[in-house]
Amino acid sequence: MSKPSAMPKGNAAEPGPGLAGIDPGEEIYALASEFYPICRSITGDGVRTTLDILERHIPLERHELPTGTKVLDWEIPREWNIADAYIKDAEGNRLIDFRRSNLHVLNYSTPIHRRMDLEALRPHIFTLPDQPELIPYRTSYYADAWGFCMSQSQLAMLESIGGEFEVYIDSTLEDGALTWGEYLHKGESADEILLSTHICHPSLANDNCSGLALQTILAKLLSGRTTRYSYRFLFVPGTIGAIAWLSRNDAAVRRIKHGLVLSCVGDPGGPTYKKSRRGDAPVDRAMGHVLCRPGLKPTIIDFFPYGYDERQYCSPGFDLPVGLFQRSQFGTFPEYHTSADDLSFISPAALGDSFRWIAQALDILERDRTFLNLNPKGEPQLGRRGLYASVGGGKDAARHNMAMLWVLNLSDGSHSLLDIAERSKLPFDTVAAAADALHDHGLLADTGAGGCGAE
Amino acid sequence: MSKPSAMPKGNAAEPGPGLAGIDPGEEIYALASEFYPICRSITGDGVRTTLDILERHIPLERHELPTGTKVLDWEIPREWNIADAYIKDAEGNRLIDFRRSNLHVLNYSTPIHRRMDLEALRPHIFTLPDQPELIPYRTSYYADAWGFCMSQSQLAMLESIGGEFEVYIDSTLEDGALTWGEYLHKGESADEILLSTHICHPSLANDNCSGLALQTILAKLLSGRTTRYSYRFLFVPGTIGAIAWLSRNDAAVRRIKHGLVLSCVGDPGGPTYKKSRRGDAPVDRAMGHVLCRPGLKPTIIDFFPYGYDERQYCSPGFDLPVGLFQRSQFGTFPEYHTSADDLSFISPAALGDSFRWIAQALDILERDRTFLNLNPKGEPQLGRRGLYASVGGGKDAARHNMAMLWVLNLSDGSHSLLDIAERSKLPFDTVAAAADALHDHGLLADTGAGGCGAE
Amino acid sequence: MSKPSAMPKGNAAEPGPGLAGIDPGEEIYALASEFYPICRSITGDGVRTTLDILERHIPLERHELPTGTKVLDWEIPREWNIADAYIKDAEGNRLIDFRRSNLHVLNYSTPIHRRMDLEALRPHIFTLPDQPELIPYRTSYYADAWGFCMSQSQLAMLESIGGEFEVYIDSTLEDGALTWGEYLHKGESADEILLSTHICHPSLANDNCSGLALQTILAKLLSGRTTRYSYRFLFVPGTIGAIAWLSRNDAAVRRIKHGLVLSCVGDPGGPTYKKSRRGDAPVDRAMGHVLCRPGLKPTIIDFFPYGYDERQYCSPGFDLPVGLFQRSQFGTFPEYHTSADDLSFISPAALGDSFRWIAQALDILERDRTFLNLNPKGEPQLGRRGLYASVGGGKDAARHNMAMLWVLNLSDGSHSLLDIAERSKLPFDTVAAAADALHDHGLLADTGAGGCGAE
């Protein structure tokens, strides 16, 4: 388990987001709970309703592209909406009821209203034989199909009842639009940090009410702050939403210097970080620095071309430095894409930890820069300047003194503060604080060359 | 043990040798058995007789260089031939008899016919005290000497008999020639793959009737096929033969893009692959890809300047990308260079496995190339094109789908299919098949830049 | 434990220092014993007296810089001298007596003569509660202070006696000079190898009478030899002495190609080698080659900006290829900076081992060079030239033969002898001897390009 109390805290007085000292876990959880009941899909009113809630927290730019619009190699599909769905027995009892769980309907299902026996119905039923009490989450976006998802026990009930069932899906698939939300926080520089999360899943708490809520609160808390980078927050339907955004934003794409996709950020597992395609982008190193510390057992994964929208951002024509942050890795936990991914699977504590790690990584990206030692020959006399922390200060003082020596030794113009933190195995905060102290005493000059990986 | 049934098979319909699906183990064993009885050395009629047999399978170009010819830093030695040899007791019984094993004579022995007692004979006797029943294989190519190799038990017999022995070696060392065989299979390109094996050892089944036979059958099976590369097969006496060939073939040397030396390919041990001097040549990576898979425990060795003719091919003035394939590594198995290296030590099954691994590596070299993703921005919509294998296809379908995503993601012009197979940890065959499917649908262009390590 | 008898010995007949076969352990120990009683500090007569002793062994150049002189970012401090110090009880008994241990006085203490009770005295007393029988070594160079160091037991005695004490430190802090000693051994080249050791510690045997004595004897033994490099031996007060030297020797600094700081070289622990800031400098590789061998368990440490004068030599404005050799690493052994670091803590055997390892590394730096194989195509015929050691020669002969093959294979102009030793995992001596034999037979040419890391 992580030990939050032992973590170095970001310094809110510093330039940069400085959000790492805040714990908005409860607020994120409350917002995720609001998102949870809504039946979302890649298009339709579920997305719009979700953006309405989100808009209460941050000023949102909404975009819609009409059905049939070409976006890169894809085309905006028809819009899907659903009012109701059920399977009734002969007496008219709702045996399977969309109103009890929107997972019951195959997402993007075509409409149907027919009487049929179980034999005819069975090809349209999806269950999880190995997890007999859970309803699976299934979709059919790009092939017309209808179907019901249910627990193995519910299927057994249908079998025991037998006879004819009334099968009803009151859905529409019509020309409409693809909808996404976007928020840009302007920093001192036009260079951007991208944060992106998918908004297309229905009642799955971790995947991805958690990501939606965390990203919303992160945007909200950041909006009042002065930052070096501009921050672009995307709330997009998976795959088609990211592709639509990429197809319409060439200029913004070129400004992206770092990025994170957020999904499944509320469960107690992980943390997991999947690197960008580049593998050594500053965001990869910053996340590694934050997560690889005593008390955490992170899973750091090399990029692979499957997962969430990092697939699109990291396609070779863009090759953006965008990684994926998760708690448990998708596909590896039993609750994944089932009705067990409910509000009891996520917690304010886990959401708060995820928030802090992300904020710490952003803080590193904000504060990383490259200094030049102005007294590079021999060590400058730190004692004369009162820079040595007294030994009575214990371990923190010793780390501060070592951090000053490391910063002086490596500030030759080719090492950023993150380079120095990695090399010295000291926390970035300690290194940055030492650099600030040395800079205040005229011992360092800011090269203006930016941080690690600066072009 | 290897599990051939679990191995991905090459596809004979594909361009390239496509020999990996054939199992000529029995045929190779039968041919090795034909080679086994012949008394070969670095020169002489043993080599010529061996080439006669070999020529029944492939059209062979024979070369002879006369004694005294300068080849690089060396000179072609006198030709050695032998008719008979023995040690007889006073009654004329052949106690040690060349006709029973040609290992009994120190290879390249000068002639002798003399009566002597054991005391005089002893400096000319070689045994293996630690393996008392085995006859060692010993040579004296470049220093005039005569001698007999025998088991420790046979020496004990001589000791118990005592008295005078008749010692007879009916050999000649005269001006003649060095002989080697060569076969060139012409491919679409003049660029060559070199396969080389030594033809100078007498009755040792693994070292190297196995290599001679495998290389012959490989050449024969390849001769009927269309290949991208040309293939040069060398059957040369060790060291002096390779040096002679190198000294006379500057143009061919420059065309060699990949190469393998084959020796000791029929025993049940290994497999062993010793890398070329370059260490990361395509042939090194292809052999590594073939051998480093579940079920095999290969020994992959960095280049060192001792062993077989890779010593010459990898000398710094040539530095050819030529590795060595063996089953057990030379010098590490107790049968090595003894009479226990007989036909019971090699088997059709082991020869068949060796053949398949070599064929698989050649297949990779043939098929490796670099594609360019023509839809590099975002993923192309594979579903629309019917390219996604259905999930019902199980693990193979999932691997095919992942392979397509990997090929698309890494086909930026700087990754070949082998690069992608290594990075994705998918079998080369799977990656190549995915690339073929994508290419067929117009999603990839062949850059013409060749495979990994292309210059 | 090291097994000196199994070590390859340097060859005194070879060019280069060739000191590795000598064992001056007893001589070094005797000299360290002479240095031990003297009360040294960063300035003052203790340093001068020490240089007087040292001068009996090597011709020394002495330098003094007056108090107040600017050296880089620092200033030469006042000169400290001390005649006597004690704490007496009411009866005049010397309870704490400088004459018994010069560690009793806080080094660089201001003078004091006063009567006071224990309460007033206590802030000026330093003990080691966890090592109650030992006197700590403490300094206050750059902040005016006075104080006494004593064992916890002595403090308990003062407490039990109580009442008033007479506190006396007869020291002076006046304008004077900083003193250091320097010896240059001229080699064939003006390029220099720097050896540096600190001369500022009082009665601590390992830290650093051992380093002072070893470096003195090394200089003495080297002075009679022909060497390729010039050798500069610095005997300097820690930090301020190195900074003073660096501030006055721009030309010499530019000539330094390799260097070692020596300290704590006489205890039975280690060996420890801390790499230069560059991390892969020839001296780092030479020390690694010497220490990473069977029978030794060296600690090889990456550079960090804390320790001895490598801090100054490796500051970014100089970035000299200078590492640190020690037995136990400073700060990690219980005797460190206490009265237990006495003459029983160091031994002739440990000093002799340290000497040999340093001499072996210097020998590598002297002898390393880059040859060119003049018969790069194929192997040259070594047998014809009588170069193959006979197999009867056993393991050494086999190693010699392999070393010749390695040297021939890698002498393509881009591998030095040390490169070849590292790659072949053969001892440098074996590789260098093989190269000499090949060179003598006209098979190698010296490229004149120097050794590994040559610019």
# chains A, B, ... in the order shown; residues from 1 in each chain; ligands from 1
$ residues_around --residues "segment 107-120 of chain A" --least-positions-apart "5" --cutoff "7 Å" --atoms "only C-alpha atoms" --output "PyMOL selection string"
chain A and resi 41+80+138-141+144-147+162-173
$ residues_around --residues "Thr67 of chain C" --least-positions-apart "2" --cutoff "8 Å" --atoms "only C-alpha atoms" --output "PDB file with N, CA, C and O atoms, in the first residue's frame"
ATOM      1  N   LEU C  65      50.443  29.587  -0.099  1.00  0.00           N
ATOM      2  CA  LEU C  65      49.636  30.743  -0.510  1.00  0.00           C
ATOM      3  C   LEU C  65      49.200  31.455   0.763  1.00  0.00           C
ATOM      4  O   LEU C  65      48.696  30.828   1.686  1.00  0.00           O
ATOM      5  N   THR C  69      44.302  34.950   0.232  1.00  0.00           N
ATOM      6  CA  THR C  69      44.399  34.806  -1.223  1.00  0.00           C
ATOM      7  C   THR C  69      43.115  34.195  -1.760  1.00  0.00           C
ATOM      8  O   THR C  69      42.570  33.256  -1.186  1.00  0.00           O
ATOM      9  N   GLU C  75      38.714  31.415  -0.240  1.00  0.00           N
ATOM     10  CA  GLU C  75      39.770  32.310   0.241  1.00  0.00           C
ATOM     11  C   GLU C  75      40.624  31.515   1.215  1.00  0.00           C
ATOM     12  O   GLU C  75      40.097  30.759   2.036  1.00  0.00           O
ATOM     13  N   ILE C  76      41.951  31.703   1.101  1.00  0.00           N
ATOM     14  CA  ILE C  76      42.838  30.962   2.023  1.00  0.00           C
ATOM     15  C   ILE C  76      42.563  31.440   3.445  1.00  0.00           C
ATOM     16  O   ILE C  76      42.600  32.634   3.728  1.00  0.00           O
ATOM     17  N   PRO C  77      42.250  30.511   4.362  1.00  0.00           N
ATOM     18  CA  PRO C  77      41.897  30.915   5.738  1.00  0.00           C
ATOM     19  C   PRO C  77      43.148  31.246   6.552  1.00  0.00           C
ATOM     20  O   PRO C  77      44.275  31.085   6.092  1.00  0.00           O
ATOM     21  N   ARG C  78      42.906  31.679   7.763  1.00  0.00           N
ATOM     22  CA  ARG C  78      44.014  31.907   8.691  1.00  0.00           C
ATOM     23  C   ARG C  78      44.745  30.595   8.977  1.00  0.00           C
ATOM     24  O   ARG C  78      44.197  29.518   8.818  1.00  0.00           O
ATOM     25  N   GLU C  79      45.988  30.754   9.404  1.00  0.00           N
ATOM     26  CA  GLU C  79      46.764  29.561   9.733  1.00  0.00           C
ATOM     27  C   GLU C  79      46.527  29.179  11.194  1.00  0.00           C
ATOM     28  O   GLU C  79      46.504  30.027  12.073  1.00  0.00           O
ATOM     29  N   ASP C 175      47.138  35.227  10.477  1.00  0.00           N
ATOM     30  CA  ASP C 175      47.539  35.267   9.074  1.00  0.00           C
ATOM     31  C   ASP C 175      48.777  34.407   8.885  1.00  0.00           C
ATOM     32  O   ASP C 175      49.708  34.468   9.687  1.00  0.00           O
ATOM     33  N   GLY C 176      48.755  33.614   7.866  1.00  0.00           N
ATOM     34  CA  GLY C 176      49.874  32.722   7.612  1.00  0.00           C
ATOM     35  C   GLY C 176      49.763  32.219   6.196  1.00  0.00           C
ATOM     36  O   GLY C 176      49.620  33.019   5.271  1.00  0.00           O
ATOM     37  N   ALA C 177      49.753  30.906   6.045  1.00  0.00           N
ATOM     38  CA  ALA C 177      49.728  30.353   4.690  1.00  0.00           C
ATOM     39  C   ALA C 177      49.026  29.000   4.665  1.00  0.00           C
ATOM     40  O   ALA C 177      48.886  28.335   5.690  1.00  0.00           O
ATOM     41  N   LEU C 178      48.629  28.644   3.444  1.00  0.00           N
ATOM     42  CA  LEU C 178      48.216  27.265   3.152  1.00  0.00           C
ATOM     43  C   LEU C 178      49.397  26.597   2.471  1.00  0.00           C
ATOM     44  O   LEU C 178      50.008  27.169   1.561  1.00  0.00           O
TER      45      LEU C 178
END
$ residues_around --residues "segment 278-280 of chain B" --least-positions-apart "4" --cutoff "8 Å" --atoms "only C-alpha atoms" --output "VMD selection string"
chain B and resid 284 to 285 302 to 303 319 321
$ write_last_selection --atoms "N, CA, C and O atoms" --output "PDB file, in the first residue's frame"
ATOM      1  N   ASP B 284      22.067 -13.104 -36.918  1.00  0.00           N
ATOM      2  CA  ASP B 284      22.102 -13.310 -35.472  1.00  0.00           C
ATOM      3  C   ASP B 284      20.705 -13.122 -34.882  1.00  0.00           C
ATOM      4  O   ASP B 284      20.266 -13.886 -34.022  1.00  0.00           O
ATOM      5  N   ARG B 285      20.015 -12.105 -35.355  1.00  0.00           N
ATOM      6  CA  ARG B 285      18.683 -11.820 -34.819  1.00  0.00           C
ATOM      7  C   ARG B 285      17.682 -12.863 -35.298  1.00  0.00           C
ATOM      8  O   ARG B 285      16.794 -13.278 -34.534  1.00  0.00           O
ATOM      9  N   ASP B 302      28.169 -15.219 -27.607  1.00  0.00           N
ATOM     10  CA  ASP B 302      28.825 -14.132 -28.336  1.00  0.00           C
ATOM     11  C   ASP B 302      29.993 -14.694 -29.138  1.00  0.00           C
ATOM     12  O   ASP B 302      30.606 -15.702 -28.759  1.00  0.00           O
ATOM     13  N   PHE B 303      30.327 -14.014 -30.205  1.00  0.00           N
ATOM     14  CA  PHE B 303      31.452 -14.431 -31.031  1.00  0.00           C
ATOM     15  C   PHE B 303      32.738 -14.522 -30.218  1.00  0.00           C
ATOM     16  O   PHE B 303      33.003 -13.698 -29.362  1.00  0.00           O
ATOM     17  N   ASP B 319      35.062  -9.591 -41.871  1.00  0.00           N
ATOM     18  CA  ASP B 319      33.994  -9.240 -40.919  1.00  0.00           C
ATOM     19  C   ASP B 319      32.616  -9.537 -41.506  1.00  0.00           C
ATOM     20  O   ASP B 319      31.697  -8.718 -41.456  1.00  0.00           O
ATOM     21  N   PRO B 321      28.903 -11.199 -41.880  1.00  0.00           N
ATOM     22  CA  PRO B 321      27.853 -11.511 -40.897  1.00  0.00           C
ATOM     23  C   PRO B 321      27.534 -13.001 -40.929  1.00  0.00           C
ATOM     24  O   PRO B 321      26.476 -13.414 -41.407  1.00  0.00           O
TER      25      PRO B 321
END
$ select_by_dssp --residues "segment 199-272 of chain B" --states "strand (DSSP E or B)" --output "number ranges by chain"
B: 230-236, 256-262, 272
$ write_last_selection --atoms "N, CA, C and O atoms" --output "PDB file, in the first residue's frame"
ATOM      1  N   SER B 230      20.308 -15.093 -53.484  1.00  0.00           N
ATOM      2  CA  SER B 230      21.086 -16.214 -53.994  1.00  0.00           C
ATOM      3  C   SER B 230      21.742 -16.905 -52.800  1.00  0.00           C
ATOM      4  O   SER B 230      22.037 -16.262 -51.786  1.00  0.00           O
ATOM      5  N   TYR B 231      21.935 -18.206 -52.929  1.00  0.00           N
ATOM      6  CA  TYR B 231      22.502 -18.992 -51.826  1.00  0.00           C
ATOM      7  C   TYR B 231      23.770 -19.672 -52.304  1.00  0.00           C
ATOM      8  O   TYR B 231      23.754 -20.386 -53.311  1.00  0.00           O
ATOM      9  N   ARG B 232      24.853 -19.474 -51.583  1.00  0.00           N
ATOM     10  CA  ARG B 232      26.118 -20.128 -51.918  1.00  0.00           C
ATOM     11  C   ARG B 232      26.422 -21.173 -50.845  1.00  0.00           C
ATOM     12  O   ARG B 232      26.502 -20.856 -49.663  1.00  0.00           O
ATOM     13  N   PHE B 233      26.572 -22.417 -51.298  1.00  0.00           N
ATOM     14  CA  PHE B 233      26.858 -23.536 -50.399  1.00  0.00           C
ATOM     15  C   PHE B 233      28.309 -23.935 -50.587  1.00  0.00           C
ATOM     16  O   PHE B 233      28.709 -24.318 -51.688  1.00  0.00           O
ATOM     17  N   LEU B 234      29.093 -23.857 -49.525  1.00  0.00           N
ATOM     18  CA  LEU B 234      30.506 -24.244 -49.583  1.00  0.00           C
ATOM     19  C   LEU B 234      30.726 -25.523 -48.782  1.00  0.00           C
ATOM     20  O   LEU B 234      30.289 -25.620 -47.631  1.00  0.00           O
ATOM     21  N   PHE B 235      31.422 -26.474 -49.440  1.00  0.00           N
ATOM     22  CA  PHE B 235      31.830 -27.719 -48.777  1.00  0.00           C
ATOM     23  C   PHE B 235      33.350 -27.699 -48.794  1.00  0.00           C
ATOM     24  O   PHE B 235      33.961 -28.043 -49.814  1.00  0.00           O
ATOM     25  N   VAL B 236      33.947 -27.230 -47.703  1.00  0.00           N
ATOM     26  CA  VAL B 236      35.380 -26.927 -47.709  1.00  0.00           C
ATOM     27  C   VAL B 236      36.131 -27.607 -46.583  1.00  0.00           C
ATOM     28  O   VAL B 236      35.599 -27.766 -45.477  1.00  0.00           O
ATOM     29  N   ILE B 256      27.966 -11.203 -49.964  1.00  0.00           N
ATOM     30  CA  ILE B 256      27.402 -11.972 -48.829  1.00  0.00           C
ATOM     31  C   ILE B 256      26.735 -11.029 -47.827  1.00  0.00           C
ATOM     32  O   ILE B 256      27.380 -10.164 -47.253  1.00  0.00           O
ATOM     33  N   LYS B 257      25.432 -11.223 -47.666  1.00  0.00           N
ATOM     34  CA  LYS B 257      24.670 -10.374 -46.737  1.00  0.00           C
ATOM     35  C   LYS B 257      24.402 -11.086 -45.412  1.00  0.00           C
ATOM     36  O   LYS B 257      24.157 -10.443 -44.393  1.00  0.00           O
ATOM     37  N   HIS B 258      24.388 -12.415 -45.465  1.00  0.00           N
ATOM     38  CA  HIS B 258      24.122 -13.227 -44.285  1.00  0.00           C
ATOM     39  C   HIS B 258      24.842 -14.552 -44.459  1.00  0.00           C
ATOM     40  O   HIS B 258      25.083 -14.970 -45.589  1.00  0.00           O
ATOM     41  N   GLY B 259      25.137 -15.224 -43.358  1.00  0.00           N
ATOM     42  CA  GLY B 259      25.758 -16.536 -43.520  1.00  0.00           C
ATOM     43  C   GLY B 259      25.720 -17.377 -42.258  1.00  0.00           C
ATOM     44  O   GLY B 259      25.605 -16.861 -41.134  1.00  0.00           O
ATOM     45  N   LEU B 260      25.811 -18.687 -42.476  1.00  0.00           N
ATOM     46  CA  LEU B 260      25.846 -19.647 -41.369  1.00  0.00           C
ATOM     47  C   LEU B 260      26.907 -20.693 -41.650  1.00  0.00           C
ATOM     48  O   LEU B 260      26.997 -21.208 -42.774  1.00  0.00           O
ATOM     49  N   VAL B 261      27.687 -21.027 -40.639  1.00  0.00           N
ATOM     50  CA  VAL B 261      28.518 -22.218 -40.677  1.00  0.00           C
ATOM     51  C   VAL B 261      27.738 -23.313 -39.954  1.00  0.00           C
ATOM     52  O   VAL B 261      27.139 -23.059 -38.900  1.00  0.00           O
ATOM     53  N   LEU B 262      27.710 -24.510 -40.541  1.00  0.00           N
ATOM     54  CA  LEU B 262      26.976 -25.636 -39.955  1.00  0.00           C
ATOM     55  C   LEU B 262      27.963 -26.725 -39.564  1.00  0.00           C
ATOM     56  O   LEU B 262      28.783 -27.147 -40.390  1.00  0.00           O
ATOM     57  N   THR B 272      22.668 -24.691 -30.179  1.00  0.00           N
ATOM     58  CA  THR B 272      23.667 -23.682 -29.870  1.00  0.00           C
ATOM     59  C   THR B 272      23.779 -22.740 -31.060  1.00  0.00           C
ATOM     60  O   THR B 272      23.847 -23.194 -32.203  1.00  0.00           O
TER      61      THR B 272
END
$ residues_around --residues "Asn249 of chain A" --least-positions-apart "5" --cutoff "12 Å" --atoms "only C-alpha atoms" --output "list in words"
Val71, Leu72, Glu182, Arg232, Ala242, Ile243, Ala244, Arg254, Arg255, Ile256 and Phe318 of chain A
$ closest_atom_pairs --of "chain A" --to "chain C" --cutoff "6 Å" --atoms "only C-alpha atoms" --output "tab-separated table"
residue	atom	partner	partner_atom	distance
A:Pro376	CA	C:Gly317	CA	4.3
A:Lys377	CA	C:Gly317	CA	4.4
A:Gly378	CA	C:Gln312	CA	4.5
A:Pro380	CA	C:Asp73	CA	5.3
A:Leu405	CA	C:Pro305	CA	5.9
A:Asn409	CA	C:Ser315	CA	5.6
$ write_last_selection --atoms "N, CA and C atoms" --output "CSV table (one decimal), in the first residue's frame"
chain,number,residue,atom,x,y,z
A,376,PRO,N,31.6,26.8,-12.1
A,376,PRO,CA,31.7,25.3,-12.4
A,376,PRO,C,33.1,24.8,-12.0
A,377,LYS,N,34.1,25.6,-11.7
A,377,LYS,CA,35.4,25.1,-11.3
A,377,LYS,C,35.5,25.0,-9.8
A,378,GLY,N,35.6,23.7,-9.4
A,378,GLY,CA,35.5,23.4,-7.9
A,378,GLY,C,34.2,23.7,-7.4
A,380,PRO,N,31.5,25.8,-5.2
A,380,PRO,CA,31.5,27.1,-4.6
A,380,PRO,C,31.4,26.8,-3.0
A,405,LEU,N,24.8,19.7,-3.9
A,405,LEU,CA,26.0,19.2,-4.6
A,405,LEU,C,25.7,18.6,-5.9
A,409,ASN,N,27.0,19.9,-9.5
A,409,ASN,CA,27.9,19.0,-10.3
A,409,ASN,C,27.4,18.7,-11.7
$ select_by_dssp --residues "segment 258-403 of chain C" --states "alpha helix (DSSP H)" --output "PyMOL selection string"
chain C and resi 282-291+310-313+348-367+394-403
$ residues_around --residues "Gly266 of chain B" --least-positions-apart "6" --cutoff "7 Å" --atoms "only C-alpha atoms" --output "list in words"
Asn206, Ser210, Arg327, Ile346, Ser347, Ala350 and Leu351 of chain B
$ atom_distance --atom1 "atom CA of Met150 of chain C" --atom2 "atom CA of Arg99 of chain C"
13.3 Å
$ atom_distance --atom1 "atom CA of Leu382 of chain B" --atom2 "atom CA of Ala437 of chain B"
10.7 Å
$ atom_distance --atom1 "atom CA of Trp180 of chain C" --atom2 "atom CA of His63 of chain C"
5.4 Å
$ residues_around --residues "Thr49 of chain A" --least-positions-apart "4" --cutoff "12 Å" --atoms "only C-alpha atoms" --output "JSON, numbers by chain"
{"A": [34, 35, 36, 37, 38, 39, 40, 41, 43, 44, 45, 53, 54, 55, 56, 179, 180, 181, 199, 200, 202]}
$ residues_around --residues "Asp446 of chain A" --least-positions-apart "3" --cutoff "8 Å" --atoms "only C-alpha atoms" --output "PDB file with C-alpha atoms, in the first residue's frame"
ATOM      1  CA  ARG A 369      14.348  23.049 -16.354  1.00  0.00           C
ATOM      2  CA  THR A 370      18.049  23.176 -17.119  1.00  0.00           C
ATOM      3  CA  PHE A 371      20.372  25.345 -15.085  1.00  0.00           C
ATOM      4  CA  LEU A 372      23.987  26.313 -15.575  1.00  0.00           C
ATOM      5  CA  ALA A 449      16.559  25.390 -22.542  1.00  0.00           C
TER       6      ALA A 449
END
$ closest_residue --among "C:Ala389, C:Leu408, C:Ala434, C:Ala361" --to "Gly18 of chain C" --atoms "only C-alpha atoms"
C:Ala361
